[in-house]
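Shown next: target-v1.cif, given as mmCIF, C-alpha atoms and all ligand atoms.
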```
data_structure
loop_
_atom_site.label_atom_id
_atom_site.label_comp_id
_atom_site.auth_asym_id
_atom_site.auth_seq_id
_atom_site.Cartn_x
_atom_site.Cartn_y
_atom_site.Cartn_z
CA MET A 1 6.49 16.66 -6.30
CA ASN A 2 6.37 13.25 -7.95
CA ARG A 3 5.16 10.51 -5.66
CA PRO A 4 3.40 7.13 -6.00
CA TYR A 5 -0.38 6.84 -6.05
CA ILE A 6 -1.17 5.43 -2.60
CA ILE A 7 -3.90 2.83 -2.03
CA CYS A 8 -4.49 2.06 1.65
CA HIS A 9 -5.60 -1.59 1.50
CA MET A 10 -6.91 -2.94 4.84
CA LEU A 11 -9.16 -5.57 6.38
CA THR A 12 -11.53 -3.96 8.89
CA SER A 13 -14.39 -4.87 11.19
CA LEU A 14 -17.77 -3.14 10.84
CA ASP A 15 -16.63 -0.63 13.46
CA GLY A 16 -13.43 0.16 11.57
CA LYS A 17 -10.93 -1.81 13.67
CA VAL A 18 -7.90 -3.48 12.10
CA THR A 19 -6.35 -5.51 14.94
CA GLY A 20 -7.54 -8.09 17.44
CA ASP A 21 -9.31 -11.41 17.86
CA PHE A 22 -11.97 -10.71 15.22
CA LEU A 23 -9.31 -11.39 12.54
CA TYR A 24 -9.00 -15.02 13.72
CA THR A 25 -12.71 -15.97 13.83
CA PRO A 26 -14.15 -17.95 10.86
CA THR A 27 -15.75 -14.70 9.64
CA GLY A 28 -12.46 -12.80 9.98
CA LEU A 29 -10.48 -15.58 8.29
CA ALA A 30 -12.92 -15.66 5.34
CA ALA A 31 -12.45 -11.89 4.98
CA SER A 32 -8.66 -12.45 5.12
CA GLU A 33 -8.89 -14.71 2.08
CA THR A 34 -10.64 -11.89 0.21
CA TYR A 35 -8.07 -9.38 1.50
CA TYR A 36 -5.15 -11.37 0.05
CA GLU A 37 -7.01 -12.02 -3.21
CA VAL A 38 -7.68 -8.29 -3.66
CA ASN A 39 -4.05 -7.55 -2.78
CA ARG A 40 -2.94 -9.76 -5.67
CA LEU A 41 -5.44 -8.07 -8.03
CA LEU A 42 -4.54 -4.49 -7.07
CA ARG A 43 -0.83 -5.34 -7.28
CA GLY A 44 1.18 -2.15 -7.00
CA ASP A 45 4.87 -1.65 -7.72
CA ALA A 46 5.30 -1.91 -3.95
CA PHE A 47 3.52 -2.62 -0.71
CA ALA A 48 4.38 -0.74 2.47
CA CYS A 49 3.92 -1.29 6.21
CA GLY A 50 4.93 0.25 9.51
CA ARG A 51 7.68 -1.27 11.66
CA VAL A 52 5.30 -3.21 13.93
CA THR A 53 3.46 -4.89 11.03
CA MET A 54 6.70 -5.79 9.23
CA GLU A 55 7.97 -7.42 12.42
CA SER A 56 4.76 -9.31 13.15
CA SER A 57 4.15 -10.43 9.55
CA PHE A 58 7.64 -11.09 8.17
CA THR A 59 10.54 -11.17 10.64
CA GLY A 60 8.90 -12.53 13.80
CA GLY A 61 10.54 -9.69 15.77
CA PHE A 62 14.08 -10.94 15.06
CA ARG A 63 16.78 -8.44 16.11
CA PRO A 64 20.22 -9.11 14.56
CA ASP A 65 23.48 -9.04 16.52
CA LEU A 66 25.08 -5.77 15.42
CA THR A 67 28.33 -6.12 17.38
CA PRO A 68 30.34 -7.27 14.29
CA PHE A 69 29.32 -3.95 12.67
CA ALA A 70 30.14 -1.73 15.66
CA ASP A 71 33.09 0.04 13.99
CA ALA A 72 31.98 -0.28 10.38
CA GLN A 73 32.54 2.69 8.06
CA VAL A 74 29.31 3.49 6.22
CA PRO A 75 29.18 5.88 3.25
CA SER A 76 26.73 8.72 3.81
CA GLY A 77 23.41 8.98 1.95
CA ASP A 78 20.83 6.59 0.56
CA TYR A 79 21.76 3.05 -0.44
CA ILE A 80 20.14 1.65 -3.57
CA ALA A 81 21.23 -1.97 -3.59
CA ARG A 82 19.30 -2.85 -6.75
CA GLN A 83 16.34 -2.02 -8.96
CA HIS A 84 13.55 -4.60 -9.03
CA SER A 85 9.99 -4.99 -10.34
CA TYR A 86 8.29 -5.27 -6.93
CA TYR A 87 9.24 -3.80 -3.56
CA ALA A 88 8.41 -4.13 0.14
CA VAL A 89 8.76 -0.73 1.83
CA SER A 90 9.37 -0.78 5.58
CA PHE A 91 8.73 2.47 7.51
CA ASP A 92 11.13 1.98 10.39
CA ARG A 93 12.21 5.38 11.81
CA HIS A 94 15.12 4.22 13.93
CA GLY A 95 16.24 1.01 12.21
CA ASN A 96 14.87 -1.93 14.15
CA VAL A 97 13.42 -4.45 11.71
CA GLY A 98 15.55 -7.60 11.64
CA TRP A 99 15.60 -8.57 7.98
CA THR A 100 17.78 -11.56 7.12
CA ASP A 101 17.59 -11.28 3.32
CA ALA A 102 17.19 -8.61 0.64
CA PHE A 103 13.92 -10.20 -0.51
CA ILE A 104 10.67 -11.31 1.11
CA HIS A 105 9.98 -15.03 0.77
CA ASP A 106 6.29 -15.79 1.14
CA GLU A 107 3.92 -18.48 -0.13
CA ASP A 108 1.54 -15.72 -1.27
CA GLU A 109 2.67 -14.33 -4.63
CA GLY A 110 1.21 -10.97 -3.54
CA TYR A 111 4.20 -10.62 -1.20
CA ASP A 112 6.81 -13.07 -2.49
CA ASN A 113 10.06 -11.88 -4.08
CA CYS A 114 9.73 -8.20 -3.10
CA HIS A 115 13.05 -6.38 -2.75
CA ILE A 116 13.13 -4.73 0.67
CA ILE A 117 13.57 -0.98 1.08
CA GLU A 118 13.97 0.39 4.61
CA VAL A 119 12.81 4.01 5.07
CA LEU A 120 14.78 5.46 7.98
CA CYS A 121 15.49 8.69 9.83
CA GLU A 122 19.01 10.10 9.68
CA ASP A 123 19.67 9.28 13.34
CA THR A 124 19.55 5.53 12.64
CA PRO A 125 22.66 3.90 14.19
CA LYS A 126 25.48 3.22 11.71
CA PRO A 127 25.90 -0.47 12.69
CA TYR A 128 22.32 -1.10 11.53
CA LEU A 129 23.09 0.59 8.18
CA ALA A 130 26.21 -1.56 7.80
CA TYR A 131 24.14 -4.65 8.60
CA LEU A 132 21.57 -3.76 5.89
CA ARG A 133 24.38 -3.28 3.37
CA SER A 134 25.85 -6.67 4.29
CA ILE A 135 22.58 -8.42 3.35
CA GLY A 136 21.79 -6.19 0.33
CA VAL A 137 18.72 -4.40 1.71
CA SER A 138 18.23 -0.91 0.20
CA TYR A 139 17.58 2.09 2.45
CA LEU A 140 16.47 5.70 2.10
CA PHE A 141 16.61 8.56 4.61
CA ALA A 142 13.60 10.79 5.13
CA GLY A 143 13.81 13.25 8.03
CA ALA A 144 16.31 13.87 10.82
CA SER A 145 14.65 12.05 13.74
CA GLU A 146 10.98 12.15 12.67
CA MET A 147 9.76 10.66 9.40
CA ASP A 148 9.24 13.11 6.53
CA LEU A 149 6.66 11.10 4.57
CA PRO A 150 6.41 13.38 1.48
CA LEU A 151 10.21 13.20 1.09
CA ALA A 152 10.13 9.41 1.53
CA LEU A 153 7.47 9.05 -1.19
CA SER A 154 9.29 11.37 -3.55
CA LYS A 155 12.47 9.30 -3.19
CA LEU A 156 10.59 6.01 -3.64
CA HIS A 157 9.18 7.39 -6.90
CA ASP A 158 12.41 8.88 -8.22
CA CYS A 159 14.99 6.31 -7.04
CA PHE A 160 12.98 3.10 -7.63
CA GLY A 161 10.27 4.14 -10.13
CA ILE A 162 7.44 3.25 -7.74
CA ARG A 163 4.23 4.67 -9.27
CA LYS A 164 1.61 2.76 -7.32
CA MET A 165 2.06 1.62 -3.72
CA LEU A 166 -0.29 -0.33 -1.46
CA LEU A 167 -0.14 0.92 2.12
CA GLU A 168 -1.05 -2.13 4.23
CA GLY A 169 -1.02 -0.99 7.84
CA GLY A 170 -1.06 -0.95 10.64
CA SER A 171 -3.07 1.72 12.35
CA ILE A 172 -0.18 4.04 13.31
CA ILE A 173 1.49 4.32 9.91
CA ASN A 174 -1.92 4.60 8.19
CA GLY A 175 -2.78 7.49 10.54
CA ALA A 176 0.48 9.29 9.70
CA PHE A 177 -0.27 9.00 5.95
CA GLN A 178 -3.90 10.06 6.44
CA ARG A 179 -3.06 13.19 8.46
CA ALA A 180 -0.54 14.18 5.76
CA ASN A 181 -3.25 13.75 3.06
CA LEU A 182 -1.14 11.12 1.31
CA ILE A 183 -3.85 8.50 0.81
CA ASP A 184 -5.33 8.63 -2.68
CA GLU A 185 -7.56 5.59 -2.43
CA LEU A 186 -9.00 3.32 0.25
CA SER A 187 -9.49 -0.39 -0.44
CA LEU A 188 -11.45 -1.76 2.51
CA VAL A 189 -12.28 -5.44 2.92
CA ILE A 190 -14.95 -5.38 5.62
CA ALA A 191 -15.74 -8.45 7.74
CA PRO A 192 -19.39 -8.49 8.87
CA MET A 193 -18.68 -8.32 12.61
CA THR A 194 -17.63 -5.85 15.27
CA ALA A 195 -14.33 -5.95 17.17
CA ASN A 196 -13.32 -5.40 20.79
CA ALA A 197 -13.04 -1.96 22.36
CA GLU A 198 -9.24 -2.15 22.75
CA ASP A 199 -8.57 -3.02 19.11
CA LYS A 200 -6.90 -0.35 16.96
CA PRO A 201 -8.76 1.75 14.35
CA LEU A 202 -8.03 1.98 10.63
CA PHE A 203 -6.29 5.33 11.23
CA TRP A 204 -4.63 6.17 14.52
CA GLU A 205 -5.50 9.83 15.30
CA SER A 206 -7.24 10.57 12.02
CA THR A 207 -8.61 13.88 10.74
CA MET A 208 -11.81 14.48 8.71
CA GLN A 209 -11.55 13.61 5.04
CA GLU A 210 -14.09 12.80 2.33
CA PHE A 211 -13.88 9.84 -0.06
CA ARG A 212 -16.00 8.88 -3.07
CA LEU A 213 -17.09 5.34 -3.87
CA VAL A 214 -15.39 3.82 -6.92
CA HIS A 215 -16.45 0.20 -6.59
CA GLU A 216 -18.29 -2.12 -4.23
CA LYS A 217 -18.60 -5.90 -4.17
CA LEU A 218 -20.43 -8.26 -1.81
CA PHE A 219 -19.02 -11.78 -1.40
CA HIS A 220 -22.28 -13.66 -0.81
CA SER A 221 -20.82 -16.83 0.74
CA SER A 222 -19.02 -14.98 3.58
CA GLY A 223 -20.85 -11.66 3.81
CA THR A 224 -17.52 -9.86 3.29
CA VAL A 225 -17.76 -6.52 1.46
CA HIS A 226 -15.00 -4.87 -0.59
CA LEU A 227 -15.13 -1.10 -1.09
CA ARG A 228 -12.84 1.09 -3.15
CA LEU A 229 -13.05 4.82 -2.47
CA ARG A 230 -10.91 7.64 -3.80
CA ASN A 231 -9.86 10.77 -1.95
CA ALA A 232 -12.35 13.46 -2.97
CA ALA A 233 -9.84 16.27 -2.53
CA ASN A 234 -7.10 15.06 -4.88
CA ARG A 235 -6.88 15.25 -8.65
CA TYR A 236 -6.57 12.01 -10.62
CA MET A 237 -6.46 10.48 -14.05
CA ALA A 238 -8.42 7.24 -14.49
CA ALA A 239 -7.14 4.61 -16.90
CA CYS A 240 -10.33 2.92 -18.08
CA TRP A 241 -10.21 -0.34 -19.90
CA CYS A 242 -12.19 -3.49 -20.44
CA PRO A 243 -10.82 -6.76 -21.81
CA ARG A 244 -14.03 -7.15 -23.82
CA GLY A 245 -13.21 -3.92 -25.69
CA SER A 246 -15.76 -3.07 -28.37
CA ASP A 247 -17.51 -6.42 -27.88
CA CYS A 248 -18.55 -5.36 -24.39
CA ASP A 249 -22.04 -6.69 -23.66
CA PHE A 250 -22.50 -4.68 -20.47
CA GLY A 251 -23.76 -1.60 -22.30
CA MET A 252 -26.56 -1.02 -19.80
CA GLN A 253 -24.15 -1.17 -16.92
CA CYS A 254 -21.90 1.32 -18.68
CA ARG A 255 -24.83 3.67 -19.28
CA GLU A 256 -25.61 3.42 -15.60
CA GLY A 257 -22.27 4.95 -14.88
CA VAL A 258 -19.55 2.30 -14.92
CA TYR A 259 -17.10 3.53 -17.50
CA CYS A 260 -15.16 0.45 -18.55
CA ARG A 261 -15.50 0.01 -22.30
CA LEU A 262 -12.68 1.99 -23.77
CA LEU A 263 -8.94 2.19 -23.52
CA GLU A 264 -8.96 5.78 -22.47
CA VAL A 265 -7.53 8.17 -19.92
CA ILE A 266 -10.04 10.38 -18.16
CA ASP A 267 -9.57 13.35 -15.87
CA VAL A 268 -11.77 12.19 -13.01
CA ASN A 269 -12.32 15.67 -11.64
CA GLU A 270 -13.83 16.96 -14.88
CA HIS A 271 -16.76 14.56 -14.58
CA ASP A 272 -19.82 14.37 -12.42
CA THR A 273 -18.80 13.01 -9.02
CA ALA A 274 -21.44 10.26 -9.36
CA PHE A 275 -19.77 8.97 -12.52
CA ARG A 276 -18.05 5.64 -11.88
CA PHE A 277 -14.88 4.46 -13.53
CA GLY A 278 -14.15 0.96 -14.70
CA GLY A 279 -15.61 -1.07 -11.83
CA ASP A 280 -12.99 -3.17 -10.06
CA ARG A 281 -10.61 -2.67 -13.00
CA ALA A 282 -10.33 1.09 -12.58
CA GLN A 283 -6.76 2.24 -12.12
CA PHE A 284 -6.07 5.76 -10.97
CA PHE A 285 -2.88 7.73 -11.48
CA ARG A 286 -1.58 11.07 -10.35
CA THR A 287 -0.64 12.23 -13.86
CA ARG A 288 -1.95 11.72 -17.39
CA GLU A 289 1.53 10.52 -18.43
CA GLU A 290 1.47 7.69 -15.87
CA ALA A 291 -2.08 6.67 -16.83
CA GLU A 292 -1.12 6.62 -20.55
CA HIS A 293 1.95 4.53 -19.71
CA TYR A 294 -0.26 1.98 -17.94
CA LEU A 295 -2.74 1.78 -20.85
CA GLN A 296 0.17 1.28 -23.23
CA THR A 297 1.16 -1.86 -21.31
CA ILE A 298 -2.47 -3.09 -21.46
CA ARG A 299 -2.56 -2.49 -25.23
CA GLN A 300 0.68 -4.43 -25.67
CA THR A 301 -0.63 -7.33 -23.55
CA ASN A 302 -3.91 -7.40 -25.50
CA ALA A 303 -2.03 -7.34 -28.81
CA LYS A 304 -0.05 -10.52 -27.94
N1 LIG A 401 -6.33 -5.58 9.35
C1 LIG A 401 -5.36 -5.36 8.51
O1 LIG A 401 -5.56 -5.28 7.28
C2 LIG A 401 -3.95 -5.17 9.05
C3 LIG A 401 -2.92 -4.89 8.16
C4 LIG A 401 -1.65 -4.66 8.69
C5 LIG A 401 -1.43 -4.75 10.05
N2 LIG A 401 -2.46 -5.05 10.87
C6 LIG A 401 -2.23 -5.14 12.33
O2 LIG A 401 -1.80 -3.88 12.81
C7 LIG A 401 -1.02 -4.11 13.99
C8 LIG A 401 0.19 -3.22 13.94
O3 LIG A 401 -0.20 -1.87 13.77
P1 LIG A 401 0.37 -0.70 14.64
O4 LIG A 401 -0.52 0.45 14.44
O5 LIG A 401 0.59 -1.18 16.03
O6 LIG A 401 1.82 -0.46 14.03
P2 LIG A 401 2.35 -0.14 12.54
O7 LIG A 401 1.54 0.97 11.96
O8 LIG A 401 2.50 -1.40 11.78
O9 LIG A 401 3.81 0.38 12.86
C9 LIG A 401 3.95 1.54 13.63
C10 LIG A 401 5.40 1.89 13.75
O10 LIG A 401 5.91 2.36 12.51
C11 LIG A 401 7.02 3.22 12.77
N3 LIG A 401 6.88 4.44 11.97
C12 LIG A 401 7.53 4.68 10.81
N4 LIG A 401 7.20 5.85 10.31
C13 LIG A 401 6.32 6.41 11.13
C14 LIG A 401 5.60 7.64 11.11
N5 LIG A 401 5.74 8.53 10.13
N6 LIG A 401 4.75 7.89 12.12
C15 LIG A 401 4.59 6.99 13.10
N7 LIG A 401 5.24 5.80 13.16
C16 LIG A 401 6.11 5.51 12.19
C17 LIG A 401 7.02 3.48 14.28
O11 LIG A 401 7.97 2.59 14.85
P3 LIG A 401 9.26 3.22 15.56
O12 LIG A 401 8.74 3.99 16.71
O13 LIG A 401 10.11 2.06 15.91
O14 LIG A 401 9.85 4.12 14.53
C18 LIG A 401 5.65 3.04 14.71
O15 LIG A 401 5.59 2.61 16.05
C19 LIG A 401 -0.68 -5.57 14.02
O16 LIG A 401 -1.48 -6.17 15.04
C20 LIG A 401 -1.12 -6.09 12.68
O17 LIG A 401 -1.60 -7.42 12.73
C21 LIG A 401 -3.71 -5.25 10.42
#
```
Any chance you could put this one into structure tokens?
Ligand SMILES: NC(=O)c1ccc[n+]([C@@H]2O[C@H](COP(=O)([O-])OP(=O)(O)OC[C@H]3O[C@@H](n4cnc5c(N)ncnc54)[C@H](OP(=O)(O)O)[C@@H]3O)[C@@H](O)[C@H]2O)c1
Amino acid sequence: MNRPYIICHMLTSLDGKVTGDFLYTPTGLAASETYYEVNRLLRGDAFACGRVTMESSFTGGFRPDLTPFADAQVPSGDYIARQHSYYAVSFDRHGNVGWTDAFIHDEDEGYDNCHIIEVLCEDTPKPYLAYLRSIGVSYLFAGASEMDLPLALSKLHDCFGIRKMLLEGGSIINGAFQRANLIDELSLVIAPMTANAEDKPLFWESTMQEFRLVHEKLFHSSGTVHLRLRNAANRYMAACWCPRGSDCDFGMQCREGVYCRLLEVIDVNEHDTAFRFGGDRAQFFRTREEAEHYLQTIRQTNAK
């Protein structure tokens, strides 16, 4: 099955919480700045959130009046309103998120101008589907009344060409991805403080899973730490590159295990697990073809 490479990118407390008052303290707000900066750097073809996060971050909980659509005829099947270069994927089982436009408008370029795709179950009421069509929001069905995440990801890959997707919370949707072993990489921005007991964890109802460190960075002024870890159980190709190319003057660092000098695709699993790939520039892909495609775009950019 083709599906996007999934990076779960989250801001957490030291005790692994992702909601609550800690986010609004000076320490939490400094970590937020880092979170959004890393989001812009990682930049996938899409970012994705659960229904609650989409409502709290983008629609303010707006619920549209669906009465004008009560008797609307809606063609069956998925609705692909348009292809675009960057998408916002909303996991919304029963069709509740009150979008008012086909695109996200946000002052942060990491979220601005994403075309919205709603991922729904087949029991979503028809008036909501008609409403989405009226404002040009795309939608896909995955599952009868419960979300079939592998099917959703396969459709996102095949219908929209999404190869890399940032999963950005909250706790419930992250947990559903984690239990289905659909998280390839974790990108954790950790604020140096604990949260309250009632705050939600990174993964709601998680299972045991091992990850290997790819990259770590300490932001000295705030004490925020950024970790990238890849799922130890999955098979990946790493696209390694360095803008310094053959003039790289970090030879010692490379010899110590950060492989970032060459434009090269590497099968991660064929190397020692301690071997590190490309520092914060490492890009992982599910297939060699997708990693080669990425490096080709880097070569073209460098050649300009
Ligand atoms: N720290 C961070 O980096 C960060 C990032 C994002 C969000 N957050 C915080 O997280 C909080 C929201 O998180 P949350 O855990 O309450 O909600 P959430 O994960 O954002 O959304 C959960 C909802 O998604 C829908 N859903 C779609 N597919 C699903 C599936 N396969 N399994 C389960 N649910 C599915 C369900 O809504 P229906 O029942 O309606 O289908 C479910 O209730 C907010 O406070 C937000 O600020 C923090």
Could the residues of chain A that have an atom at most 6 Å from ligand LIG 401 (chain A) be listed as JSON lines, each with its closest atom pair and the distance in Å to one decimal, counting only C-alpha atoms and all ligand atoms and ordered by chain and ascending residue number?
```
{"residue": "A:Met10", "atom": "CA", "partner": "A:LIG401", "partner_atom": "O1", "distance": 3.6}
{"residue": "A:Leu11", "atom": "CA", "partner": "A:LIG401", "partner_atom": "O1", "distance": 3.7}
{"residue": "A:Thr12", "atom": "CA", "partner": "A:LIG401", "partner_atom": "N1", "distance": 5.5}
{"residue": "A:Val18", "atom": "CA", "partner": "A:LIG401", "partner_atom": "N1", "distance": 3.8}
{"residue": "A:Thr19", "atom": "CA", "partner": "A:LIG401", "partner_atom": "C6", "distance": 4.9}
{"residue": "A:Cys49", "atom": "CA", "partner": "A:LIG401", "partner_atom": "O8", "distance": 5.7}
{"residue": "A:Gly50", "atom": "CA", "partner": "A:LIG401", "partner_atom": "O9", "distance": 3.5}
{"residue": "A:Arg51", "atom": "CA", "partner": "A:LIG401", "partner_atom": "O10", "distance": 4.1}
{"residue": "A:Val52", "atom": "CA", "partner": "A:LIG401", "partner_atom": "O8", "distance": 4.0}
{"residue": "A:Thr53", "atom": "CA", "partner": "A:LIG401", "partner_atom": "O8", "distance": 3.7}
{"residue": "A:Phe91", "atom": "CA", "partner": "A:LIG401", "partner_atom": "C12", "distance": 4.1}
{"residue": "A:Asp92", "atom": "CA", "partner": "A:LIG401", "partner_atom": "C12", "distance": 4.5}
{"residue": "A:Arg93", "atom": "CA", "partner": "A:LIG401", "partner_atom": "O14", "distance": 3.8}
{"residue": "A:His94", "atom": "CA", "partner": "A:LIG401", "partner_atom": "O14", "distance": 5.3}
{"residue": "A:Met147", "atom": "CA", "partner": "A:LIG401", "partner_atom": "N5", "distance": 4.6}
{"residue": "A:Glu168", "atom": "CA", "partner": "A:LIG401", "partner_atom": "C3", "distance": 5.2}
{"residue": "A:Gly169", "atom": "CA", "partner": "A:LIG401", "partner_atom": "C4", "distance": 3.8}
{"residue": "A:Gly170", "atom": "CA", "partner": "A:LIG401", "partner_atom": "O3", "distance": 3.4}
{"residue": "A:Ser171", "atom": "CA", "partner": "A:LIG401", "partner_atom": "O4", "distance": 3.5}
{"residue": "A:Ile172", "atom": "CA", "partner": "A:LIG401", "partner_atom": "O7", "distance": 3.8}
{"residue": "A:Ile173", "atom": "CA", "partner": "A:LIG401", "partner_atom": "O7", "distance": 3.9}
{"residue": "A:Ala176", "atom": "CA", "partner": "A:LIG401", "partner_atom": "N6", "distance": 5.1}
```
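Across the model, the gap from atom CA of A:Pro127 to atom CA of A:Gly143 is 18.9 Å.
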Shell around A:Val38 at 9 Å using all atoms listed in the file, local window under 6 positions removed, as an MDAnalysis selection string | chainID A and resid 9 187 189 226
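Among the candidates A:Thr194, A:Asn181, A:Ser134, A:Ser221, the residue lying nearest to A:Cys8 is A:Asn181 (atoms considered: only C-alpha atoms).
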Would it be fine to have stretch 41-70 of chain A, with C-alpha atoms, given as a CSV table (one decimal), in the first residue's frame?
```csv
chain,number,residue,atom,x,y,z
A,41,LEU,CA,11.4,23.6,8.2
A,42,LEU,CA,9.9,20.1,8.1
A,43,ARG,CA,7.3,21.3,5.7
A,44,GLY,CA,5.4,18.3,4.4
A,45,ASP,CA,3.0,18.1,1.4
A,46,ALA,CA,0.3,18.3,4.1
A,47,PHE,CA,-0.4,18.7,7.8
A,48,ALA,CA,-3.2,16.8,9.5
A,49,CYS,CA,-5.2,17.2,12.7
A,50,GLY,CA,-8.1,15.6,14.5
A,51,ARG,CA,-11.5,17.3,14.6
A,52,VAL,CA,-11.1,19.0,18.0
A,53,THR,CA,-7.7,20.6,17.0
A,54,MET,CA,-9.0,21.8,13.7
A,55,GLU,CA,-12.0,23.4,15.5
A,56,SER,CA,-9.9,25.0,18.2
A,57,SER,CA,-7.1,26.2,15.9
A,58,PHE,CA,-8.8,27.2,12.7
A,59,THR,CA,-12.6,27.5,12.8
A,60,GLY,CA,-13.3,28.6,16.4
A,61,GLY,CA,-16.0,25.8,16.6
A,62,PHE,CA,-18.2,27.4,14.0
A,63,ARG,CA,-21.0,25.1,12.9
A,64,PRO,CA,-22.7,26.1,9.5
A,65,ASP,CA,-26.4,26.3,9.0
A,66,LEU,CA,-27.1,23.2,6.9
A,67,THR,CA,-30.9,23.7,6.4
A,68,PRO,CA,-30.4,25.2,2.8
A,69,PHE,CA,-28.7,21.8,1.9
A,70,ALA,CA,-31.4,19.6,3.5
```
